[in-house]
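Undergrad: Coordinates in input.cif, mmCIF, C-alpha atoms, are listed below.
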```
data_work
loop_
_atom_site.label_atom_id
_atom_site.label_comp_id
_atom_site.auth_asym_id
_atom_site.auth_seq_id
_atom_site.Cartn_x
_atom_site.Cartn_y
_atom_site.Cartn_z
CA MET A 162 240.86 -61.12 242.30
CA GLU A 163 241.10 -59.32 245.65
CA LEU A 164 241.29 -55.51 245.79
CA TYR A 165 242.66 -53.60 248.79
CA LEU A 166 242.83 -49.94 249.80
CA VAL A 167 246.33 -49.08 251.03
CA GLU A 168 247.34 -45.89 252.87
CA PHE A 169 250.69 -44.12 252.70
CA LYS A 170 252.17 -41.08 254.44
CA GLY A 171 249.98 -38.00 254.48
CA SER A 172 246.72 -40.00 254.25
CA ARG A 173 247.47 -40.78 250.60
CA LYS A 174 245.38 -43.81 249.64
CA LEU A 175 245.50 -46.04 246.54
CA TYR A 176 243.92 -49.31 245.42
CA PHE A 177 246.03 -52.43 244.89
CA LEU A 178 245.33 -55.93 243.63
CA ASN A 179 246.37 -59.11 245.43
CA PRO A 180 247.06 -61.46 242.47
CA ASP A 181 249.03 -63.98 244.53
CA ASP A 182 246.33 -64.34 247.22
CA LEU A 183 248.71 -63.19 249.94
CA SER A 184 247.40 -63.36 253.50
CA VAL A 185 246.83 -59.69 254.34
CA LYS A 186 244.32 -57.92 256.56
CA SER A 187 243.46 -54.41 257.71
CA GLY A 188 246.33 -52.85 259.63
CA ASP A 189 249.05 -54.91 257.93
CA TYR A 190 252.00 -53.16 256.30
CA VAL A 191 252.71 -54.39 252.77
CA ILE A 192 255.21 -53.77 249.98
CA VAL A 193 253.46 -52.68 246.81
CA GLN A 194 254.36 -51.81 243.24
CA ALA A 195 255.03 -48.13 242.58
CA GLU A 196 255.20 -46.25 239.29
CA ARG A 197 258.93 -46.94 239.38
CA GLY A 198 260.10 -49.33 242.06
CA GLU A 199 258.46 -50.31 245.34
CA ASP A 200 256.63 -48.55 248.14
CA LEU A 201 255.38 -49.46 251.61
CA GLY A 202 251.89 -48.77 252.90
CA LYS A 203 249.30 -49.86 255.44
CA VAL A 204 246.26 -51.90 254.42
CA VAL A 205 243.08 -49.96 255.22
CA LYS A 206 240.50 -52.51 254.13
CA LYS A 207 239.57 -55.13 251.60
CA ILE A 208 237.18 -53.93 248.90
CA GLU A 209 234.29 -56.25 248.16
CA ILE A 210 234.04 -56.39 244.37
CA THR A 211 230.57 -57.11 242.99
CA GLU A 212 231.39 -55.49 239.65
CA PRO A 213 234.51 -53.97 238.05
CA PRO A 214 235.37 -50.80 240.05
CA ASP A 215 235.34 -47.45 238.27
CA LEU A 216 238.95 -46.38 238.89
CA MET A 217 240.96 -43.62 237.21
CA GLU A 218 243.97 -45.90 236.80
CA LYS A 219 244.48 -49.65 236.73
CA PRO A 220 245.57 -50.77 240.23
CA LEU A 221 249.10 -52.07 240.71
CA ASN A 222 249.87 -55.15 242.79
CA ILE A 223 250.66 -55.97 246.40
CA LEU A 224 254.04 -57.71 246.23
CA ARG A 225 254.50 -59.12 249.73
CA PRO A 226 253.87 -58.55 253.43
CA SER A 227 256.42 -56.27 255.11
CA THR A 228 259.19 -57.52 257.38
CA PRO A 229 260.53 -55.99 260.61
CA GLU A 230 263.50 -54.74 258.57
CA ASP A 231 261.09 -52.96 256.20
CA LEU A 232 259.46 -51.10 259.10
CA ILE A 233 262.88 -50.00 260.36
CA ARG A 234 263.66 -48.69 256.90
CA MET A 235 260.30 -46.87 256.80
CA LYS A 236 261.16 -45.07 260.03
CA GLU A 237 264.62 -44.18 258.66
CA ASN A 238 262.95 -42.76 255.52
CA GLN A 239 260.72 -40.61 257.69
CA GLU A 240 263.74 -39.22 259.55
CA ARG A 241 265.55 -38.57 256.27
CA GLY A 242 262.41 -36.87 254.99
CA GLU A 243 262.30 -34.48 257.96
CA LYS A 244 265.89 -33.41 257.24
CA ALA A 245 265.10 -33.04 253.53
CA LEU A 246 262.14 -30.83 254.43
CA GLU A 247 264.39 -28.51 256.43
CA GLU A 248 266.96 -28.37 253.62
CA CYS A 249 264.33 -27.62 250.99
CA GLU A 250 262.85 -24.83 253.13
CA ARG A 251 266.31 -23.29 253.39
CA LEU A 252 266.74 -23.38 249.60
CA ILE A 253 263.28 -21.88 249.07
CA GLN A 254 264.14 -18.97 251.36
CA GLU A 255 267.47 -18.43 249.59
CA ARG A 256 265.67 -18.12 246.24
CA ASN A 257 262.78 -16.05 247.65
CA LEU A 258 260.28 -18.44 246.08
CA GLU A 259 256.67 -17.63 246.98
CA MET A 260 255.72 -21.13 248.01
CA LYS A 261 254.87 -22.87 251.28
CA LEU A 262 256.43 -26.28 251.80
CA VAL A 263 253.89 -28.65 253.35
CA ASP A 264 255.34 -32.14 253.50
CA VAL A 265 257.91 -34.51 252.03
CA GLU A 266 257.60 -38.21 251.22
CA TYR A 267 260.39 -40.69 250.51
CA GLN A 268 259.36 -43.65 248.40
CA PHE A 269 260.21 -46.84 250.31
CA ASP A 270 263.01 -47.93 247.96
CA GLY A 271 264.49 -44.41 247.88
CA SER A 272 263.98 -44.04 244.13
CA LYS A 273 261.83 -40.90 244.50
CA LEU A 274 261.60 -37.96 246.88
CA THR A 275 258.39 -35.92 246.64
CA PHE A 276 257.98 -32.41 248.08
CA PHE A 277 254.42 -31.09 248.50
CA PHE A 278 253.80 -27.35 248.54
CA THR A 279 251.09 -24.72 248.22
CA ALA A 280 251.37 -21.45 246.31
CA GLU A 281 249.10 -18.66 245.14
CA LYS A 282 250.43 -18.88 241.59
CA ARG A 283 252.63 -20.98 239.35
CA ILE A 284 256.21 -21.26 240.55
CA ASP A 285 259.32 -21.75 238.42
CA PHE A 286 261.14 -24.29 240.58
CA ARG A 287 263.38 -25.87 237.93
CA GLU A 288 266.60 -24.67 239.53
CA LEU A 289 265.37 -25.83 242.92
CA VAL A 290 264.72 -29.32 241.54
CA LYS A 291 268.19 -29.47 240.03
CA GLU A 292 269.84 -28.57 243.33
CA LEU A 293 267.73 -31.03 245.30
CA ALA A 294 268.60 -33.78 242.80
CA SER A 295 272.32 -33.00 243.16
CA ILE A 296 272.02 -33.22 246.96
CA TYR A 297 269.91 -36.37 247.29
CA ARG A 298 270.92 -38.23 244.11
CA THR A 299 267.41 -39.50 243.43
CA ARG A 300 264.37 -38.57 241.37
CA ILE A 301 262.83 -35.35 242.70
CA GLU A 302 259.20 -34.35 242.32
CA LEU A 303 257.73 -31.03 243.48
CA ARG A 304 253.96 -31.30 243.61
CA GLN A 305 251.72 -28.27 244.06
CA ILE A 306 248.59 -29.05 246.09
CA GLY A 307 245.57 -27.09 247.29
CA VAL A 308 244.85 -26.03 250.86
CA ARG A 309 242.35 -28.86 251.33
CA ASP A 310 245.02 -31.37 250.30
CA GLU A 311 247.39 -29.64 252.71
CA ALA A 312 244.98 -30.25 255.59
CA ARG A 313 244.68 -33.88 254.53
CA ARG A 314 248.46 -34.41 254.52
CA LEU A 315 249.02 -32.66 257.86
CA GLY A 316 246.02 -34.29 259.56
CA GLY A 317 244.39 -33.13 262.77
CA TYR A 318 240.96 -32.82 264.35
CA GLY A 319 237.92 -30.84 263.32
CA CYS A 320 235.65 -28.61 265.40
CA CYS A 321 233.54 -31.72 266.11
CA GLY A 322 236.45 -33.30 267.98
CA LEU A 323 236.86 -36.11 265.46
CA LYS A 324 239.69 -36.75 263.02
CA LEU A 325 239.40 -34.73 259.82
CA CYS A 326 237.06 -36.41 257.33
CA CYS A 327 239.60 -35.86 254.54
CA THR A 328 242.11 -38.03 256.43
CA THR A 329 239.67 -40.86 257.15
CA PHE A 330 237.14 -41.53 254.39
CA ILE A 331 236.86 -38.67 251.86
CA ARG A 332 238.78 -39.58 248.71
CA GLU A 333 237.63 -36.84 246.32
CA PHE A 334 236.83 -33.25 247.28
CA SER A 335 233.46 -31.89 246.10
CA PRO A 336 232.65 -28.21 245.48
CA ILE A 337 231.03 -26.51 248.50
CA THR A 338 229.31 -23.12 248.31
CA THR A 339 227.73 -20.72 250.78
CA GLN A 340 224.37 -21.54 249.18
CA ILE A 341 224.54 -24.94 250.91
CA ALA A 342 224.97 -23.18 254.25
CA LYS A 343 222.04 -20.85 253.48
CA GLU A 344 219.77 -23.82 252.73
CA GLN A 345 220.62 -25.20 256.19
CA ASN A 346 219.75 -21.86 257.84
CA LEU A 347 223.32 -21.46 259.12
CA ALA A 348 224.74 -18.04 259.94
CA LEU A 349 227.31 -17.13 257.30
CA ASN A 350 230.11 -16.82 259.84
CA PRO A 351 233.43 -17.75 258.15
CA VAL A 352 234.98 -18.77 261.47
CA LYS A 353 232.25 -21.30 262.27
CA LEU A 354 231.79 -22.57 258.72
CA SER A 355 235.47 -23.05 257.84
CA GLY A 356 237.58 -26.13 258.42
CA ASN A 357 241.28 -26.39 259.27
CA CYS A 358 242.06 -25.67 255.61
CA GLY A 359 240.26 -22.32 255.71
CA ARG A 360 237.65 -23.52 253.20
CA LEU A 361 233.99 -24.32 253.85
CA LEU A 362 233.48 -27.46 255.95
CA CYS A 363 233.18 -30.68 253.95
CA CYS A 364 230.48 -31.87 256.35
CA LEU A 365 228.09 -29.23 254.97
CA LEU A 366 227.56 -31.68 252.12
CA TYR A 367 226.38 -34.53 254.33
CA GLU A 368 222.87 -33.16 254.83
CA LYS A 369 222.59 -31.36 251.49
CA ASP A 370 220.26 -33.97 249.96
CA PHE A 371 218.05 -33.99 253.07
CA TYR A 372 217.60 -30.21 252.98
CA GLU A 373 216.96 -30.12 249.23
CA LYS A 374 214.24 -32.80 249.42
CA THR A 375 212.66 -31.51 252.61
CA LEU A 376 212.57 -27.86 251.53
CA GLU A 377 210.44 -28.88 248.55
CA LEU A 378 207.61 -29.52 251.04
CA TYR A 379 207.59 -25.88 252.19
CA PRO A 380 206.91 -22.53 250.52
CA GLU A 381 210.08 -20.51 249.91
CA VAL A 382 211.32 -17.96 252.44
CA GLY A 383 210.22 -14.53 251.21
CA SER A 384 207.24 -15.86 249.29
CA LYS A 385 203.64 -14.86 250.02
CA TYR A 386 201.47 -17.32 251.91
CA LYS A 387 197.76 -17.08 252.72
CA THR A 388 196.48 -18.27 256.10
CA ASP A 389 193.16 -17.95 257.89
CA LYS A 390 194.40 -14.58 259.19
CA GLY A 391 195.16 -13.28 255.72
CA GLU A 392 198.16 -13.09 253.43
CA GLY A 393 201.66 -12.75 254.81
CA VAL A 394 205.28 -13.42 253.93
CA VAL A 395 207.17 -16.60 254.86
CA GLU A 396 209.75 -15.35 257.34
CA LYS A 397 211.32 -18.60 258.52
CA ILE A 398 211.28 -22.38 258.01
CA ASN A 399 211.97 -24.81 260.85
CA LEU A 400 212.58 -28.19 259.26
CA PHE A 401 213.11 -30.11 262.49
CA LYS A 402 209.97 -28.91 264.27
CA GLU A 403 208.13 -28.89 260.92
CA TYR A 404 206.59 -25.45 260.75
CA ILE A 405 206.95 -22.09 259.00
CA VAL A 406 206.64 -18.59 260.40
CA VAL A 407 204.43 -16.25 258.39
CA LYS A 408 204.72 -12.53 259.10
CA HIS A 409 201.64 -10.45 258.39
CA GLU A 410 201.60 -6.84 257.26
CA GLU A 411 200.82 -5.48 260.73
CA GLY A 412 203.85 -7.34 262.13
CA GLU A 413 202.05 -10.30 263.68
CA GLU A 414 203.85 -13.63 263.30
CA GLU A 415 201.98 -16.89 262.84
CA LYS A 416 203.24 -20.47 262.97
CA ILE A 417 201.88 -22.86 260.37
CA ALA A 418 202.59 -26.59 260.80
CA LEU A 419 203.80 -28.70 257.87
CA ALA A 420 200.70 -30.90 258.25
CA GLU A 421 198.53 -27.83 257.64
CA ILE A 422 200.65 -26.81 254.64
CA LYS A 423 200.18 -30.27 253.10
CA LYS A 424 196.45 -30.16 253.82
CA ARG A 425 196.08 -26.78 252.12
CA ARG A 426 198.15 -27.98 249.15
CA ARG A 427 195.95 -31.04 248.66
CA LYS A 428 192.82 -28.89 248.95
CA SER A 429 194.09 -26.43 246.33
CA LYS A 430 194.66 -29.35 243.94
CA GLY A 431 191.25 -30.81 244.62
CA VAL A 432 192.64 -33.87 246.34
CA PRO A 433 190.37 -35.18 249.10
CA SER A 434 191.83 -35.32 252.61
CA ILE A 435 192.64 -38.74 254.00
#
```
Spell out the structure here as structure tokens.
TA:
Amino acid sequence: MELYLVEFKGSRKLYFLNPDDLSVKSGDYVIVQAERGEDLGKVVKKIEITEPPDLMEKPLNILRPSTPEDLIRMKENQERGEKALEECERLIQERNLEMKLVDVEYQFDGSKLTFFFTAEKRIDFRELVKELASIYRTRIELRQIGVRDEARRLGGYGCCGLKLCCTTFIREFSPITTQIAKEQNLALNPVKLSGNCGRLLCCLLYEKDFYEKTLELYPEVGSKYKTDKGEGVVEKINLFKEYIVVKHEEGEEEKIALAEIKKRRRKSKGVPSI
């Protein structure tokens, strides 16, 4: 059975099955099953299944390709959503709720209206939900999200000039620490290391494995290292030019190539040089 990745407003992506073998391709808009009712999304790609995918939830089904009338309705929902966002912001201000409204999403069939917000702490929004339900006469959901999810929903471009990774291919956020930046010899400058969300850049993870494996070939920064000129302290590691800088007690700095480090390591273990 075919499996497709479908994208909705705010870069929200879900997997759907195609049990009826409908003719769909990347870029097509389709009507899909929702938790309650129907929704409309854009096909991102077909997933090649070589074995059962490890998914959190069983995928729902693609029901049919969209029609021109469906796309008109989608645009109308977006316009209604913009007005609902303004109304909800007004109600939040009236109640002095400490929450930041980020986005709103109308389900295609109008059976659900979801408001996304960020907040520093838990918010009692029960009265707000009641009033919104009385205004819009549909099921209301207020969903608290993190700042990284906020950046994903709002979209934009990163410091690299490309679209944010979280809006294109990242599905799950991984923990990122300053230790990763230290391993890559990056200056711990929050401005340069932070993304649009204000958190550490997701792309710091891309080369994490490379640095971890490559650093194993070198002595640690701060450790003692003996050269032909005597013992010194490893001051710096340059992974790309493959050398270390050893600082001796009198202040002299000496470059030692990785090839020499490997040679010395083999010699210390009694392994003959090749």
Undergrad: I'd like the neighbourhood of range 397-414 of chain A as a ChimeraX atom specification, where a residue qualifies if any of its atoms comes within 12 Å (using only C-alpha atoms), though same-chain residues fewer than 6 positions away should be ignored.
TA: /A:343-347,371-391,420-423
Undergrad: Given the file shown, determine the residues that the PyMOL selection byres ((chain A and resi 293) around 12) selects; report them as an mmCIF file with C-alpha atoms, in the coordinates of the input.
TA:
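out_8.cif was written with the following content:
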```cif
data_model
loop_
_atom_site.group_PDB
_atom_site.id
_atom_site.type_symbol
_atom_site.label_atom_id
_atom_site.label_comp_id
_atom_site.auth_asym_id
_atom_site.auth_seq_id
_atom_site.Cartn_x
_atom_site.Cartn_y
_atom_site.Cartn_z
ATOM 1 C CA ALA A 245 265.100 -33.040 253.530
ATOM 2 C CA LEU A 246 262.140 -30.830 254.430
ATOM 3 C CA GLU A 247 264.390 -28.510 256.430
ATOM 4 C CA GLU A 248 266.960 -28.370 253.620
ATOM 5 C CA CYS A 249 264.330 -27.620 250.990
ATOM 6 C CA GLU A 250 262.850 -24.830 253.130
ATOM 7 C CA ARG A 251 266.310 -23.290 253.390
ATOM 8 C CA LEU A 252 266.740 -23.380 249.600
ATOM 9 C CA ILE A 253 263.280 -21.880 249.070
ATOM 10 C CA LYS A 273 261.830 -40.900 244.500
ATOM 11 C CA LEU A 274 261.600 -37.960 246.880
ATOM 12 C CA THR A 275 258.390 -35.920 246.640
ATOM 13 C CA PHE A 276 257.980 -32.410 248.080
ATOM 14 C CA PHE A 286 261.140 -24.290 240.580
ATOM 15 C CA ARG A 287 263.380 -25.870 237.930
ATOM 16 C CA GLU A 288 266.600 -24.670 239.530
ATOM 17 C CA LEU A 289 265.370 -25.830 242.920
ATOM 18 C CA VAL A 290 264.720 -29.320 241.540
ATOM 19 C CA LYS A 291 268.190 -29.470 240.030
ATOM 20 C CA GLU A 292 269.840 -28.570 243.330
ATOM 21 C CA ALA A 294 268.600 -33.780 242.800
ATOM 22 C CA SER A 295 272.320 -33.000 243.160
ATOM 23 C CA ILE A 296 272.020 -33.220 246.960
ATOM 24 C CA TYR A 297 269.910 -36.370 247.290
ATOM 25 C CA ARG A 298 270.920 -38.230 244.110
ATOM 26 C CA THR A 299 267.410 -39.500 243.430
ATOM 27 C CA ARG A 300 264.370 -38.570 241.370
ATOM 28 C CA ILE A 301 262.830 -35.350 242.700
ATOM 29 C CA GLU A 302 259.200 -34.350 242.320
ATOM 30 C CA LEU A 303 257.730 -31.030 243.480
#
```
Undergrad: At most 9 Å is the cut-off: for each residue in range 183-255 of chain A with any atom that close to an atom of range 262-271 of chain A, write down the nearest atom pair and the distance in Å rounded to one decimal, counting only C-alpha atoms, chain first then increasing number, as JSON lines.
TA:
```
{"residue": "A:Ile192", "atom": "CA", "partner": "A:Phe269", "partner_atom": "CA", "distance": 8.6}
{"residue": "A:Ala195", "atom": "CA", "partner": "A:Gln268", "partner_atom": "CA", "distance": 8.5}
{"residue": "A:Gly198", "atom": "CA", "partner": "A:Asp270", "partner_atom": "CA", "distance": 6.7}
{"residue": "A:Glu199", "atom": "CA", "partner": "A:Asp270", "partner_atom": "CA", "distance": 5.8}
{"residue": "A:Asp200", "atom": "CA", "partner": "A:Phe269", "partner_atom": "CA", "distance": 4.5}
{"residue": "A:Leu201", "atom": "CA", "partner": "A:Phe269", "partner_atom": "CA", "distance": 5.6}
{"residue": "A:Gly202", "atom": "CA", "partner": "A:Phe269", "partner_atom": "CA", "distance": 8.9}
{"residue": "A:Asp231", "atom": "CA", "partner": "A:Phe269", "partner_atom": "CA", "distance": 8.5}
{"residue": "A:Arg234", "atom": "CA", "partner": "A:Phe269", "partner_atom": "CA", "distance": 7.7}
{"residue": "A:Met235", "atom": "CA", "partner": "A:Phe269", "partner_atom": "CA", "distance": 6.5}
{"residue": "A:Asn238", "atom": "CA", "partner": "A:Tyr267", "partner_atom": "CA", "distance": 6.0}
{"residue": "A:Gln239", "atom": "CA", "partner": "A:Tyr267", "partner_atom": "CA", "distance": 7.2}
{"residue": "A:Arg241", "atom": "CA", "partner": "A:Tyr267", "partner_atom": "CA", "distance": 8.0}
{"residue": "A:Gly242", "atom": "CA", "partner": "A:Val265", "partner_atom": "CA", "distance": 5.9}
{"residue": "A:Glu243", "atom": "CA", "partner": "A:Val265", "partner_atom": "CA", "distance": 7.4}
{"residue": "A:Ala245", "atom": "CA", "partner": "A:Val265", "partner_atom": "CA", "distance": 7.5}
{"residue": "A:Leu246", "atom": "CA", "partner": "A:Val265", "partner_atom": "CA", "distance": 6.1}
{"residue": "A:Cys249", "atom": "CA", "partner": "A:Leu262", "partner_atom": "CA", "distance": 8.1}
{"residue": "A:Glu250", "atom": "CA", "partner": "A:Leu262", "partner_atom": "CA", "distance": 6.7}
{"residue": "A:Ile253", "atom": "CA", "partner": "A:Leu262", "partner_atom": "CA", "distance": 8.6}
```
Undergrad: Can you pull out every residue within 8 Å of Val204 in chain A, counting all atoms listed in the file, but drop anything in the same chain fewer than 4 positions away, and send it as a PyMOL selection string?
TA: chain A and resi 165-168+185-191
Undergrad: List the spatial neighbours of range 217-229 of chain A as a ChimeraX atom specification - criterion: any atom at most 7 Å away, only C-alpha atoms, same-chain residues fewer than 6 positions off excluded.
TA: /A:176-180,190-194
Undergrad: Please indicate the distance in Å from CA of Glu196 in chain A to CA of Arg304 in chain A, rounded to one decimal place.
TA: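 So the answer is 15.6 Å.
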Undergrad: Work out how far CA of Arg314 in chain A is from CA of Ala342 in chain A, in Å to one decimal.
TA: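 Interatomic distance here is 26.0 Å.
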Undergrad: CA of Leu175 in chain A and CA of Cys363 in chain A, how far apart in Å?
TA: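 Computed distance, CA of Cys363 in chain A to CA of Leu175 in chain A, equals 21.0 Å.
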Undergrad: Return the single residue from A:Leu349, A:Ile284, A:Leu325, A:Ile208 that is closest to Glu259 in chain A, with distances computed using all atoms listed in the file.
TA: A:Ile284
Undergrad: Using all atoms listed in the file, can you tell me which of A:Glu255, A:Glu396, A:Glu163, A:Asp181 comes closest to Lys207 in chain A?
TA: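 So, comparing all the options, the nearest one is A:Glu163.
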Undergrad: Using all atoms listed in the file, can you tell me which of A:Val394, A:Val205, A:Ala418, A:Leu258 comes closest to Phe278 in chain A?
TA: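 The closest residue to Phe278 in chain A is A:Leu258.
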Undergrad: Extract, using all atoms listed in the file, all DNA, RNA and protein residues at most 10 Å from Arg332 in chain A, discarding same-chain residues fewer than 6 positions from it, and format them as number ranges by chain.
TA: A: 172-175, 326
Undergrad: Out of A:Asp310, A:Glu281, A:Glu230, A:Glu209, which residue has the shortest atom-to-atom distance to Ile331 in chain A when counting only C-alpha atoms?
TA: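 With only C-alpha atoms as the atom set, the closest residue is A:Asp310.
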Undergrad: For a quick check of understanding, using all atoms listed in the file, which of A:Lys416, A:Lys430, A:Lys369, A:Lys236 has the smallest distance to Ile341 in chain A?
TA: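 Of A:Lys416, A:Lys430, A:Lys369, A:Lys236, the one nearest Ile341 in chain A is A:Lys369, counting all atoms listed in the file.
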